[in-house]
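Heads up, the thing below is written out as structure tokens.
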Amino acid sequence: MSDKKIGDVILDVKNISLSFGGVKALTDISFNVKEHEIRAIIGPNGAGKSSMLNCINGVYRPQVGTITFRGQTFGHMDSHQVASMGIGRTFQNLALFKGMSVLDNIMSGRNLKIKSSIFMQALRIGPAEREEIMHREAVERIIDFLEIQAYRKTPVGQLPYGLQKRVDLGRALAMEPQVLLLDEPMAGMNVEEKQDMCRFVLDVNDEFGTTVVLIEHDMGVVMDISDRVVVLDYGKKIGDGTPDEVRNNEDVISAYLGTSH
Ligand SMILES: Nc1ncnc2c1ncn2[C@@H]1O[C@H](COP(=O)(O)OP(=O)(O)OP(=O)(O)O)[C@@H](O)[C@H]1O
């Protein structure tokens, strides 16, 4: 990859195990993510990728293990706490407000940052008014950055799928996360949409310095944009390293790259 500066460990996943009844979704998974890195999690269907992301973002509660984010260790936190700490996410299945405009959807991502009371907001008085202007400016910057100015007022449900995914990214960026979790950001996209999304992920990483953790099935994309890759298979970690190291790992080749993915 480029000569960008990778920092210290920002997110440290240690010995995570997660079961659903008798199904072991994750067994003793450890890996870390360094500041400013693009870190991919790959693996065949059912390998445990989404489960891993959902442990980090507080949706699932692992039975064993810890996650340390910027020096703070937790076994489990709820999604709201995780988001407040600076871990943002996009969703595999879009969870946007389809009837609302692009602008309002991205604005909704700033909820965590809004400090004034609902009462002051409703009356638009004093600090609430100044705050609204500030949030609005931040959202407009994101809209410019993602090149969706032309659709600012368009209801999200009327946009093509690739643009909806871009709005989803915009909403996650609106909370100014330090770490961004992307669950299959290019799934269902055509080649051109994938290229655009790749460019935006790289730009977010480069221009905002945001650390990115992504699950992605498209191996070309993963190998192109990731600094390091962790590979899961049947809930276990079978590989961890640079794209080249992972590409040449025998276990990975037989478990994953040899399949039809
Ligand atoms: N909420 C749940 N309840 C029960 N089993 C679950 C749940 N979530 C995941 N699992 C099981 O845990 C295992 C790992 O699933 P997970 O969705 O994390 O894999 P994945 O690698 O993300 O797969 P895919 O690539 O198909 O999205 C699977 O056997 C799955 O059936």
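In the structure tokens, the first chain shown is A, the next is B, and so on; residue numbers restart at 1 for each chain, and ligands run from 1 in the order shown.
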Environment of ligand 1 within 8 Å, counting only C-alpha atoms and all ligand atoms, reported as a ChimeraX atom specification: /A:19-21,23-26,42-52,217,232-235
Within 10 Å of region 61-70 of chain A using only C-alpha atoms, minus same-chain residues under 6 positions, as a ChimeraX atom specification: /A:8-20,25-33,35,51-52,54-55,76-78,82,85-87,178-179
Leaving out Lys153 (chain A) and any residue of its chain fewer than 4 positions from it, which residues lie within 10 Å of it when counting only C-alpha atoms, given as a compact mmCIF listing (two decimals) with C-alpha atoms, in the first residue's frame?
# COMPACT_ATOMS: atom_id res chain seq x y z
CA MET A 100 -36.52 11.21 4.41
CA SER A 101 -34.11 13.31 2.35
CA VAL A 102 -30.40 12.60 1.99
CA LEU A 103 -29.71 15.68 4.13
CA ASP A 104 -32.00 14.58 6.97
CA GLN A 149 -24.93 17.55 -3.61
For CA of Gln158 (chain A) and CA of Val201 (chain A), determine how far apart the two atoms are, in Å to one decimal place. 23.5 Å
Minimum-distance residue to Glu216 (chain A), chosen among A:Cys198, A:Thr90, A:Pro160, A:Ile41 (using only C-alpha atoms):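 Of the candidates, the smallest distance to Glu216 (chain A) is held by A:Ile41.
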10 Å contact set for Phe208 (chain A), only C-alpha atoms, chain neighbours under 5 positions out, as a ChimeraX atom specification: /A:36,173,176-178,202-203
